[in-house]
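K.L.:
Pasting a structure here, questions to come.
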Amino acid sequence: MNKVVIATSNKHKVKEINTFLSSHKMDSVGLNEFDPIEPPVEDAETFLGNAELKALYYSKKLEMTVMADDSGLCVNALKGAPGVRSSRFASENASDEENNNYLLEQLSDQKDRRAYFQCVIALCLPEAKRIIFFVGKCEGVILNELQGAKGFGYDPLFLPDGASKTFAEMTSQEKNKISHRGIALGGVEKFLTFQF
Ligand code: ITT
């Protein structure tokens, strides 16, 4: 297997994926090592649809094996929102801080704080004309206030089941052990290191 392109423009995802791949001795390259590519419009209604469109888009442009991640937070009391709209929950170009504050507002009178993160990784193998999906889910609760300064997105509000600290209080290694992304990456690793 040649190098895998990590096809995301989110530097926090790159960090988590690189942490995982380097500790599993797998070779990867980021989009920053190529001429700039305009990101695709993510207009699918599911994580799987968006992961697929990103993987196909970058694999066509680069003609290499490409891995794309689509992920987000699904909150029970909000009927699964923000879901695929996680990065633009408060508004189209919202910051993480605005999204977190908006989420707290939406949940201000809610007793049910259960939520989960979902991740779909699409691996596109151009030479085999195949696309393979890997999924990961992490369940937990949304806290009443931000806790921790690491990570990104909704990490400071998310306390995973069985953990004593939020994702934003964990190192990338700690987060990868239990996170939606870490679980999906475990599937990618098993697949890529399988001896055909
Ligand atoms: P790419 O499409 O280029 O990969 P993106 O940031 O737009 O980058 P997504 O469309 O998958 O990626 O949106 C992911 C959003 O979901 C992200 O901005 C966060 O708000 C949230 N999210 C996903 N995984 C997360 C995690 O591990 N921790 C916290 N928030 C996360």
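Ordering of the structure tokens sets the chain letters (A, B, ...); residue numbers start at 1 within each chain; ligands are numbered from 1 in the order shown.
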Find the residues of chain A that sit at most 6 Å from ligand 1; for each, write down the nearest two atoms and how far apart they are in Å, to one decimal. Count only C-alpha atoms and all ligand atoms. Sort by chain, then by number going up, and give it as JSON lines.

P.N.:
```
{"residue": "A:Thr8", "atom": "CA", "partner": "ligand 1", "partner_atom_place_in_ligand_line": "3 (O)", "distance": 3.7}
{"residue": "A:Ser9", "atom": "CA", "partner": "ligand 1", "partner_atom_place_in_ligand_line": "3 (O)", "distance": 3.8}
{"residue": "A:Asn10", "atom": "CA", "partner": "ligand 1", "partner_atom_place_in_ligand_line": "8 (O)", "distance": 4.4}
{"residue": "A:Asp69", "atom": "CA", "partner": "ligand 1", "partner_atom_place_in_ligand_line": "4 (O)", "distance": 5.4}
{"residue": "A:Asp70", "atom": "CA", "partner": "ligand 1", "partner_atom_place_in_ligand_line": "11 (O)", "distance": 3.5}
{"residue": "A:Ser71", "atom": "CA", "partner": "ligand 1", "partner_atom_place_in_ligand_line": "11 (O)", "distance": 4.1}
{"residue": "A:Gly72", "atom": "CA", "partner": "ligand 1", "partner_atom_place_in_ligand_line": "16 (O)", "distance": 3.6}
{"residue": "A:Leu73", "atom": "CA", "partner": "ligand 1", "partner_atom_place_in_ligand_line": "21 (C)", "distance": 6.0}
{"residue": "A:Ser86", "atom": "CA", "partner": "ligand 1", "partner_atom_place_in_ligand_line": "16 (O)", "distance": 4.5}
{"residue": "A:Ser87", "atom": "CA", "partner": "ligand 1", "partner_atom_place_in_ligand_line": "18 (O)", "distance": 3.7}
{"residue": "A:Phe152", "atom": "CA", "partner": "ligand 1", "partner_atom_place_in_ligand_line": "29 (C)", "distance": 5.0}
{"residue": "A:Gly153", "atom": "CA", "partner": "ligand 1", "partner_atom_place_in_ligand_line": "30 (N)", "distance": 3.6}
{"residue": "A:Tyr154", "atom": "CA", "partner": "ligand 1", "partner_atom_place_in_ligand_line": "29 (C)", "distance": 4.2}
{"residue": "A:Asp155", "atom": "CA", "partner": "ligand 1", "partner_atom_place_in_ligand_line": "29 (C)", "distance": 4.4}
```

K.L.:
What lies within 8 Å of stretch 118-120 of chain A using only C-alpha atoms, ignoring chain neighbours under 5 positions off, as a VMD selection string?

P.N.:
chain A and resid 47 to 48 51 69 to 74 133 to 138 180 to 181 184

K.L.:
Once you have the residues from the selection above, write them out as a tab-separated table (two decimals), in the first residue's frame, restricted to all heavy atoms.

P.N.:
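Below you can see again11.tsv, which holds the result:
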```
chain	number	residue	atom	x	y	z
A	47	PHE	N	-23.52	11.40	7.29
A	47	PHE	CA	-22.06	11.37	7.46
A	47	PHE	C	-21.44	10.53	6.35
A	47	PHE	O	-20.42	10.89	5.77
A	47	PHE	CB	-21.69	10.78	8.82
A	47	PHE	CG	-22.13	11.61	10.00
A	47	PHE	CD1	-23.06	11.14	10.91
A	47	PHE	CD2	-21.60	12.88	10.20
A	47	PHE	CE1	-23.46	11.91	12.01
A	47	PHE	CE2	-21.99	13.67	11.29
A	47	PHE	CZ	-22.92	13.17	12.20
A	48	LEU	N	-22.09	9.40	6.05
A	48	LEU	CA	-21.54	8.50	5.02
A	48	LEU	C	-21.49	9.20	3.66
A	48	LEU	O	-20.48	9.14	2.95
A	48	LEU	CB	-22.40	7.23	4.95
A	48	LEU	CG	-21.79	6.12	4.13
A	48	LEU	CD1	-21.89	4.78	4.87
A	48	LEU	CD2	-22.47	5.99	2.78
A	51	ALA	N	-18.67	11.79	3.70
A	51	ALA	CA	-17.34	11.15	3.69
A	51	ALA	C	-17.04	10.62	2.29
A	51	ALA	O	-15.93	10.78	1.76
A	51	ALA	CB	-17.30	10.01	4.72
A	69	ASP	N	-12.72	11.98	6.37
A	69	ASP	CA	-13.47	11.79	7.63
A	69	ASP	C	-14.65	12.74	7.64
A	69	ASP	O	-14.48	13.95	7.45
A	69	ASP	CB	-12.49	12.11	8.79
A	69	ASP	CG	-13.13	12.37	10.14
A	69	ASP	OD1	-14.14	13.12	10.22
A	69	ASP	OD2	-12.62	11.85	11.14
A	70	ASP	N	-15.84	12.22	7.86
A	70	ASP	CA	-16.96	13.11	8.15
A	70	ASP	C	-17.49	12.73	9.53
A	70	ASP	O	-17.67	11.53	9.82
A	70	ASP	CB	-18.07	13.04	7.10
A	70	ASP	CG	-18.91	14.31	7.18
A	70	ASP	OD1	-18.39	15.39	6.81
A	70	ASP	OD2	-20.07	14.25	7.62
A	71	SER	N	-17.69	13.72	10.36
A	71	SER	CA	-18.03	13.42	11.74
A	71	SER	C	-18.87	14.54	12.34
A	71	SER	O	-18.96	15.63	11.77
A	71	SER	CB	-16.74	13.23	12.55
A	71	SER	OG	-15.81	14.25	12.23
A	72	GLY	N	-19.45	14.26	13.49
A	72	GLY	CA	-20.25	15.28	14.16
A	72	GLY	C	-20.87	14.75	15.42
A	72	GLY	O	-20.71	13.57	15.79
A	73	LEU	N	-21.58	15.66	16.08
A	73	LEU	CA	-22.20	15.37	17.37
A	73	LEU	C	-23.72	15.24	17.19
A	73	LEU	O	-24.33	16.10	16.55
A	73	LEU	CB	-21.90	16.54	18.33
A	73	LEU	CG	-22.47	16.44	19.73
A	73	LEU	CD1	-21.71	15.37	20.54
A	73	LEU	CD2	-22.35	17.79	20.46
A	74	CYS	N	-24.29	14.20	17.77
A	74	CYS	CA	-25.74	13.98	17.68
A	74	CYS	C	-26.30	14.01	19.11
A	74	CYS	O	-25.89	13.21	19.95
A	74	CYS	CB	-26.05	12.63	17.05
A	74	CYS	SG	-25.35	12.48	15.40
A	133	PHE	N	-15.87	1.91	3.75
A	133	PHE	CA	-16.26	2.79	4.86
A	133	PHE	C	-15.94	2.14	6.21
A	133	PHE	O	-16.10	0.92	6.36
A	133	PHE	CB	-17.76	3.08	4.81
A	133	PHE	CG	-18.17	3.82	3.57
A	133	PHE	CD1	-18.68	3.15	2.47
A	133	PHE	CD2	-18.02	5.20	3.50
A	133	PHE	CE1	-19.04	3.83	1.32
A	133	PHE	CE2	-18.38	5.89	2.36
A	133	PHE	CZ	-18.89	5.20	1.26
A	134	PHE	N	-15.54	2.98	7.15
A	134	PHE	CA	-15.27	2.55	8.52
A	134	PHE	C	-16.01	3.50	9.45
A	134	PHE	O	-16.02	4.72	9.20
A	134	PHE	CB	-13.77	2.61	8.81
A	134	PHE	CG	-12.97	1.79	7.84
A	134	PHE	CD1	-12.53	2.34	6.65
A	134	PHE	CD2	-12.69	0.46	8.11
A	134	PHE	CE1	-11.82	1.58	5.73
A	134	PHE	CE2	-11.98	-0.32	7.20
A	134	PHE	CZ	-11.55	0.25	6.01
A	135	VAL	N	-16.64	2.95	10.47
A	135	VAL	CA	-17.43	3.82	11.34
A	135	VAL	C	-16.99	3.72	12.80
A	135	VAL	O	-16.41	2.71	13.22
A	135	VAL	CB	-18.95	3.49	11.26
A	135	VAL	CG1	-19.48	3.75	9.87
A	135	VAL	CG2	-19.22	2.06	11.68
A	136	GLY	N	-17.27	4.76	13.55
A	136	GLY	CA	-16.98	4.75	14.98
A	136	GLY	C	-17.98	5.65	15.68
A	136	GLY	O	-18.43	6.65	15.11
A	137	LYS	N	-18.34	5.25	16.91
A	137	LYS	CA	-19.32	6.02	17.66
A	137	LYS	C	-18.82	6.11	19.10
A	137	LYS	O	-18.24	5.14	19.61
A	137	LYS	CB	-20.65	5.26	17.60
A	137	LYS	CG	-21.82	5.93	18.25
A	137	LYS	CD	-23.07	5.08	18.01
A	137	LYS	CE	-24.28	5.71	18.65
A	137	LYS	NZ	-25.50	4.92	18.44
A	138	CYS	N	-19.04	7.24	19.75
A	138	CYS	CA	-18.66	7.39	21.15
A	138	CYS	C	-19.80	8.07	21.89
A	138	CYS	O	-20.19	9.18	21.53
A	138	CYS	CB	-17.37	8.21	21.26
A	138	CYS	SG	-16.82	8.40	22.96
A	180	HIS	N	-14.87	8.21	18.67
A	180	HIS	CA	-15.47	7.83	17.40
A	180	HIS	C	-14.40	7.72	16.29
A	180	HIS	O	-14.36	6.76	15.55
A	180	HIS	CB	-16.54	8.88	17.03
A	180	HIS	CG	-16.06	10.31	17.18
A	180	HIS	ND1	-15.50	10.78	18.34
A	180	HIS	CD2	-16.01	11.34	16.29
A	180	HIS	CE1	-15.14	12.04	18.17
A	180	HIS	NE2	-15.43	12.41	16.94
A	181	ARG	N	-13.49	8.72	16.24
A	181	ARG	CA	-12.46	8.73	15.19
A	181	ARG	C	-11.44	7.60	15.44
A	181	ARG	O	-11.03	6.91	14.50
A	181	ARG	CB	-11.76	10.10	15.17
A	181	ARG	CG	-10.74	10.28	14.05
A	181	ARG	CD	-10.42	11.75	13.83
A	181	ARG	NE	-11.60	12.49	13.43
A	181	ARG	CZ	-12.30	13.30	14.25
A	181	ARG	NH1	-11.88	13.54	15.49
A	181	ARG	NH2	-13.40	13.89	13.83
A	184	ALA	N	-12.98	4.29	14.38
A	184	ALA	CA	-13.01	4.14	12.91
A	184	ALA	C	-11.60	3.90	12.38
A	184	ALA	O	-11.39	3.06	11.49
A	184	ALA	CB	-13.63	5.39	12.28
```

K.L.:
Provide the atom CA of A:Phe117 to atom CA of A:Ser179 distance in Å, to one decimal place.

P.N.:
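The value is 7.9 Å.
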
K.L.:
Counting only C-alpha atoms, figure out which residue out of A:Gly140, A:Pro126, A:Pro156, A:Gly187 gets nearest to A:Asp112.

P.N.:
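For A:Asp112, the nearest of the candidates is A:Gly140.
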
K.L.:
Determine the nearest neighbour of A:Tyr58 from the options A:Pro82, A:Gly151, A:Pro40, A:Pro160, counting only C-alpha atoms.

P.N.:
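Distance minimum relative to A:Tyr58 lands on A:Pro40.
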
K.L.:
Show me, as a PDB file with all heavy atoms, in the first residue's frame, the residues that have an atom within 8 Å of A:Leu185 when counting only C-alpha atoms, minus same-chain residues fewer than 3 positions from it.

P.N.:
```
ATOM      1  N   ILE A  17      -5.471  11.960  13.527  1.00  0.00           N
ATOM      2  CA  ILE A  17      -5.230  10.859  12.582  1.00  0.00           C
ATOM      3  C   ILE A  17      -3.738  10.546  12.521  1.00  0.00           C
ATOM      4  O   ILE A  17      -3.333   9.383  12.554  1.00  0.00           O
ATOM      5  CB  ILE A  17      -5.808  11.200  11.180  1.00  0.00           C
ATOM      6  CG1 ILE A  17      -7.337  11.316  11.265  1.00  0.00           C
ATOM      7  CG2 ILE A  17      -5.396  10.152  10.146  1.00  0.00           C
ATOM      8  CD1 ILE A  17      -8.024  11.861  10.014  1.00  0.00           C
ATOM      9  N   PHE A  20      -2.563   8.626  15.520  1.00  0.00           N
ATOM     10  CA  PHE A  20      -2.935   7.213  15.398  1.00  0.00           C
ATOM     11  C   PHE A  20      -2.011   6.496  14.417  1.00  0.00           C
ATOM     12  O   PHE A  20      -1.424   5.476  14.731  1.00  0.00           O
ATOM     13  CB  PHE A  20      -4.388   7.083  14.918  1.00  0.00           C
ATOM     14  CG  PHE A  20      -4.845   5.654  14.829  1.00  0.00           C
ATOM     15  CD1 PHE A  20      -5.508   5.059  15.882  1.00  0.00           C
ATOM     16  CD2 PHE A  20      -4.585   4.890  13.697  1.00  0.00           C
ATOM     17  CE1 PHE A  20      -5.909   3.726  15.819  1.00  0.00           C
ATOM     18  CE2 PHE A  20      -4.980   3.561  13.620  1.00  0.00           C
ATOM     19  CZ  PHE A  20      -5.647   2.990  14.684  1.00  0.00           C
ATOM     20  N   ILE A 121     -15.248   7.179   8.169  1.00  0.00           N
ATOM     21  CA  ILE A 121     -14.052   7.372   7.344  1.00  0.00           C
ATOM     22  C   ILE A 121     -14.252   6.621   6.038  1.00  0.00           C
ATOM     23  O   ILE A 121     -14.583   5.430   6.039  1.00  0.00           O
ATOM     24  CB  ILE A 121     -12.781   6.888   8.071  1.00  0.00           C
ATOM     25  CG1 ILE A 121     -12.493   7.817   9.254  1.00  0.00           C
ATOM     26  CG2 ILE A 121     -11.585   6.865   7.109  1.00  0.00           C
ATOM     27  CD1 ILE A 121     -11.266   7.453  10.063  1.00  0.00           C
ATOM     28  N   PHE A 134     -15.541   2.982   7.153  1.00  0.00           N
ATOM     29  CA  PHE A 134     -15.267   2.549   8.521  1.00  0.00           C
ATOM     30  C   PHE A 134     -16.013   3.498   9.448  1.00  0.00           C
ATOM     31  O   PHE A 134     -16.023   4.716   9.203  1.00  0.00           O
ATOM     32  CB  PHE A 134     -13.765   2.610   8.810  1.00  0.00           C
ATOM     33  CG  PHE A 134     -12.968   1.786   7.845  1.00  0.00           C
ATOM     34  CD1 PHE A 134     -12.530   2.335   6.647  1.00  0.00           C
ATOM     35  CD2 PHE A 134     -12.691   0.455   8.111  1.00  0.00           C
ATOM     36  CE1 PHE A 134     -11.817   1.575   5.732  1.00  0.00           C
ATOM     37  CE2 PHE A 134     -11.977  -0.317   7.203  1.00  0.00           C
ATOM     38  CZ  PHE A 134     -11.547   0.246   6.010  1.00  0.00           C
ATOM     39  N   ARG A 181     -13.495   8.720  16.243  1.00  0.00           N
ATOM     40  CA  ARG A 181     -12.457   8.726  15.191  1.00  0.00           C
ATOM     41  C   ARG A 181     -11.443   7.604  15.440  1.00  0.00           C
ATOM     42  O   ARG A 181     -11.032   6.914  14.495  1.00  0.00           O
ATOM     43  CB  ARG A 181     -11.764  10.100  15.171  1.00  0.00           C
ATOM     44  CG  ARG A 181     -10.739  10.281  14.050  1.00  0.00           C
ATOM     45  CD  ARG A 181     -10.415  11.747  13.830  1.00  0.00           C
ATOM     46  NE  ARG A 181     -11.601  12.488  13.432  1.00  0.00           N
ATOM     47  CZ  ARG A 181     -12.296  13.300  14.251  1.00  0.00           C
ATOM     48  NH1 ARG A 181     -11.884  13.538  15.487  1.00  0.00           N
ATOM     49  NH2 ARG A 181     -13.396  13.886  13.834  1.00  0.00           N
ATOM     50  N   GLY A 182     -11.044   7.426  16.690  1.00  0.00           N
ATOM     51  CA  GLY A 182     -10.071   6.376  17.027  1.00  0.00           C
ATOM     52  C   GLY A 182     -10.618   4.998  16.679  1.00  0.00           C
ATOM     53  O   GLY A 182      -9.887   4.135  16.166  1.00  0.00           O
ATOM     54  N   VAL A 188      -9.618   1.057   9.871  1.00  0.00           N
ATOM     55  CA  VAL A 188      -8.746   1.367   8.719  1.00  0.00           C
ATOM     56  C   VAL A 188      -7.426   0.613   8.871  1.00  0.00           C
ATOM     57  O   VAL A 188      -6.924  -0.001   7.930  1.00  0.00           O
ATOM     58  CB  VAL A 188      -8.453   2.886   8.630  1.00  0.00           C
ATOM     59  CG1 VAL A 188      -7.478   3.190   7.500  1.00  0.00           C
ATOM     60  CG2 VAL A 188      -9.738   3.684   8.448  1.00  0.00           C
ATOM     61  N   GLU A 189      -6.875   0.649  10.087  1.00  0.00           N
ATOM     62  CA  GLU A 189      -5.589  -0.005  10.316  1.00  0.00           C
ATOM     63  C   GLU A 189      -5.676  -1.507  10.039  1.00  0.00           C
ATOM     64  O   GLU A 189      -4.825  -2.075   9.361  1.00  0.00           O
ATOM     65  CB  GLU A 189      -5.136   0.234  11.757  1.00  0.00           C
ATOM     66  CG  GLU A 189      -3.722  -0.257  11.989  1.00  0.00           C
ATOM     67  CD  GLU A 189      -3.522  -0.884  13.334  1.00  0.00           C
ATOM     68  OE1 GLU A 189      -4.456  -0.875  14.157  1.00  0.00           O
ATOM     69  OE2 GLU A 189      -2.417  -1.406  13.549  1.00  0.00           O
TER      70      GLU A 189
END
```

K.L.:
When DSSP is applied to the backbone of this structure, which of chain A are assigned helix (DSSP H, G or I)? Write them out as an NGL selection string.

P.N.:
:A and (11-23 or 31-33 or 47-62 or 76-78 or 83-88 or 96-106 or 126-128 or 155-157 or 167-169 or 172-178 or 180-192)

K.L.:
Which parts of stretch 71-130 of chain A does DSSP call strand (DSSP E or B) when run on the backbone here, written out as number ranges by chain?

P.N.:
A: 71-75, 82, 114-125, 130

K.L.:
Atoms to include: N, CA and C atoms. Write the selected residues as a PDB file, in the first residue's frame.

P.N.:
```
ATOM      1  N   SER A  71     -17.688  13.720  10.355  1.00  0.00           N
ATOM      2  CA  SER A  71     -18.031  13.416  11.739  1.00  0.00           C
ATOM      3  C   SER A  71     -18.868  14.536  12.338  1.00  0.00           C
ATOM      4  N   GLY A  72     -19.447  14.255  13.493  1.00  0.00           N
ATOM      5  CA  GLY A  72     -20.246  15.280  14.155  1.00  0.00           C
ATOM      6  C   GLY A  72     -20.875  14.746  15.421  1.00  0.00           C
ATOM      7  N   LEU A  73     -21.575  15.663  16.081  1.00  0.00           N
ATOM      8  CA  LEU A  73     -22.202  15.370  17.373  1.00  0.00           C
ATOM      9  C   LEU A  73     -23.715  15.245  17.192  1.00  0.00           C
ATOM     10  N   CYS A  74     -24.293  14.201  17.768  1.00  0.00           N
ATOM     11  CA  CYS A  74     -25.744  13.983  17.684  1.00  0.00           C
ATOM     12  C   CYS A  74     -26.301  14.009  19.111  1.00  0.00           C
ATOM     13  N   VAL A  75     -27.211  14.936  19.369  1.00  0.00           N
ATOM     14  CA  VAL A  75     -27.719  15.139  20.730  1.00  0.00           C
ATOM     15  C   VAL A  75     -29.158  14.630  20.824  1.00  0.00           C
ATOM     16  N   PRO A  82     -26.656  18.571  16.328  1.00  0.00           N
ATOM     17  CA  PRO A  82     -26.447  19.177  15.018  1.00  0.00           C
ATOM     18  C   PRO A  82     -26.054  18.203  13.907  1.00  0.00           C
ATOM     19  N   ARG A 114     -27.914  13.347  27.022  1.00  0.00           N
ATOM     20  CA  ARG A 114     -27.171  12.292  26.320  1.00  0.00           C
ATOM     21  C   ARG A 114     -26.891  12.694  24.871  1.00  0.00           C
ATOM     22  N   ALA A 115     -25.704  12.267  24.409  1.00  0.00           N
ATOM     23  CA  ALA A 115     -25.283  12.608  23.052  1.00  0.00           C
ATOM     24  C   ALA A 115     -24.237  11.583  22.599  1.00  0.00           C
ATOM     25  N   TYR A 116     -23.975  11.561  21.310  1.00  0.00           N
ATOM     26  CA  TYR A 116     -22.850  10.741  20.841  1.00  0.00           C
ATOM     27  C   TYR A 116     -22.161  11.425  19.666  1.00  0.00           C
ATOM     28  N   PHE A 117     -20.871  11.121  19.534  1.00  0.00           N
ATOM     29  CA  PHE A 117     -20.114  11.529  18.358  1.00  0.00           C
ATOM     30  C   PHE A 117     -20.122  10.370  17.369  1.00  0.00           C
ATOM     31  N   GLN A 118     -20.271  10.701  16.104  1.00  0.00           N
ATOM     32  CA  GLN A 118     -20.238   9.691  15.044  1.00  0.00           C
ATOM     33  C   GLN A 118     -19.115  10.075  14.075  1.00  0.00           C
ATOM     34  N   CYS A 119     -18.408   9.066  13.600  1.00  0.00           N
ATOM     35  CA  CYS A 119     -17.374   9.324  12.586  1.00  0.00           C
ATOM     36  C   CYS A 119     -17.496   8.282  11.477  1.00  0.00           C
ATOM     37  N   VAL A 120     -17.469   8.744  10.247  1.00  0.00           N
ATOM     38  CA  VAL A 120     -17.379   7.822   9.110  1.00  0.00           C
ATOM     39  C   VAL A 120     -16.105   8.162   8.344  1.00  0.00           C
ATOM     40  N   ILE A 121     -15.248   7.179   8.169  1.00  0.00           N
ATOM     41  CA  ILE A 121     -14.052   7.372   7.344  1.00  0.00           C
ATOM     42  C   ILE A 121     -14.252   6.621   6.038  1.00  0.00           C
ATOM     43  N   ALA A 122     -14.092   7.332   4.924  1.00  0.00           N
ATOM     44  CA  ALA A 122     -14.180   6.698   3.603  1.00  0.00           C
ATOM     45  C   ALA A 122     -12.763   6.575   3.061  1.00  0.00           C
ATOM     46  N   LEU A 123     -12.412   5.352   2.687  1.00  0.00           N
ATOM     47  CA  LEU A 123     -11.086   5.089   2.125  1.00  0.00           C
ATOM     48  C   LEU A 123     -11.284   4.767   0.651  1.00  0.00           C
ATOM     49  N   CYS A 124     -10.670   5.579  -0.200  1.00  0.00           N
ATOM     50  CA  CYS A 124     -10.883   5.399  -1.635  1.00  0.00           C
ATOM     51  C   CYS A 124      -9.609   4.846  -2.263  1.00  0.00           C
ATOM     52  N   LEU A 125      -9.717   3.670  -2.861  1.00  0.00           N
ATOM     53  CA  LEU A 125      -8.562   3.013  -3.482  1.00  0.00           C
ATOM     54  C   LEU A 125      -8.703   3.176  -4.990  1.00  0.00           C
ATOM     55  N   ARG A 130     -12.399   1.231  -5.761  1.00  0.00           N
ATOM     56  CA  ARG A 130     -13.242   0.820  -4.626  1.00  0.00           C
ATOM     57  C   ARG A 130     -13.248   1.894  -3.573  1.00  0.00           C
TER      58      ARG A 130
END
```

K.L.:
Just how far from atom CA of A:Ile183 is atom CA of A:Ala68, in Å to one decimal?

P.N.:
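Value for the atom CA of A:Ala68-atom CA of A:Ile183 distance: 14.7 Å.
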
K.L.:
Between atom CA of A:Asp96 and atom CA of A:Leu157, what distance in Å does the model show, to one decimal?

P.N.:
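According to the coordinates, atom CA of A:Asp96 and atom CA of A:Leu157 are separated by 11.1 Å.
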
K.L.:
Select, from A:Glu105, A:Asp35, A:Glu174, A:Glu127, the residue with the minimum atom-to-atom distance to A:Glu145, counting only C-alpha atoms.

P.N.:
A:Glu105

K.L.:
List the neighbours of A:Glu98 out to 10 Å using only C-alpha atoms; skip same-chain residues closer than 5 positions along the sequence, and give me the result as a VMD selection string.

P.N.:
chain A and resid 88 to 91 93 103 to 104 153

K.L.:
Can I get the selected residues back with N, CA, C and O atoms, as a compact mmCIF listing (two decimals), in the first residue's frame?

P.N.:
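The result, written out as selection09.txt:
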```
# COMPACT_ATOMS: atom_id res chain seq x y z
N ARG A 88 -21.39 23.97 11.49
CA ARG A 88 -22.13 25.24 11.21
C ARG A 88 -23.44 25.28 11.97
O ARG A 88 -24.46 25.69 11.43
N PHE A 89 -23.42 24.85 13.25
CA PHE A 89 -24.63 24.77 14.05
C PHE A 89 -25.18 26.16 14.39
O PHE A 89 -26.35 26.46 14.16
N ALA A 90 -24.33 27.03 14.90
CA ALA A 90 -24.78 28.37 15.32
C ALA A 90 -25.03 29.27 14.11
O ALA A 90 -25.96 30.08 14.12
N SER A 91 -24.19 29.12 13.09
CA SER A 91 -24.35 29.89 11.84
C SER A 91 -23.38 29.31 10.81
O SER A 91 -22.55 28.46 11.15
N ASN A 93 -20.59 30.21 9.27
CA ASN A 93 -19.13 30.20 9.53
C ASN A 93 -18.82 30.28 11.02
O ASN A 93 -17.87 30.94 11.44
N LEU A 103 -25.02 25.46 21.61
CA LEU A 103 -25.46 24.14 22.12
C LEU A 103 -25.93 24.26 23.57
O LEU A 103 -26.98 23.72 23.94
N LEU A 104 -25.17 24.98 24.39
CA LEU A 104 -25.57 25.16 25.80
C LEU A 104 -26.93 25.86 25.90
O LEU A 104 -27.77 25.47 26.71
N GLY A 153 -13.76 21.69 18.41
CA GLY A 153 -15.21 21.49 18.31
C GLY A 153 -15.88 21.42 19.66
O GLY A 153 -15.68 22.27 20.54
```

K.L.:
Between A:Ala128, A:Leu21, A:Val84, A:Ala44, which one has atoms that come closest to A:Glu63, using only C-alpha atoms?

P.N.:
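Closest residue, counting only C-alpha atoms: A:Ala128.
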
K.L.:
Extract, using only C-alpha atoms, all DNA, RNA and protein residues at most 12 Å from A:Glu38, discarding same-chain residues fewer than 4 positions from it, and format them as a PyMOL selection string.

P.N.:
chain A and resi 7-9+31-32+34+54+57-58+61

K.L.:
A:Ile131, A:Leu78, A:Val41, A:Met26: which is nearest A:Leu56, counting only C-alpha atoms?

P.N.:
A:Ile131
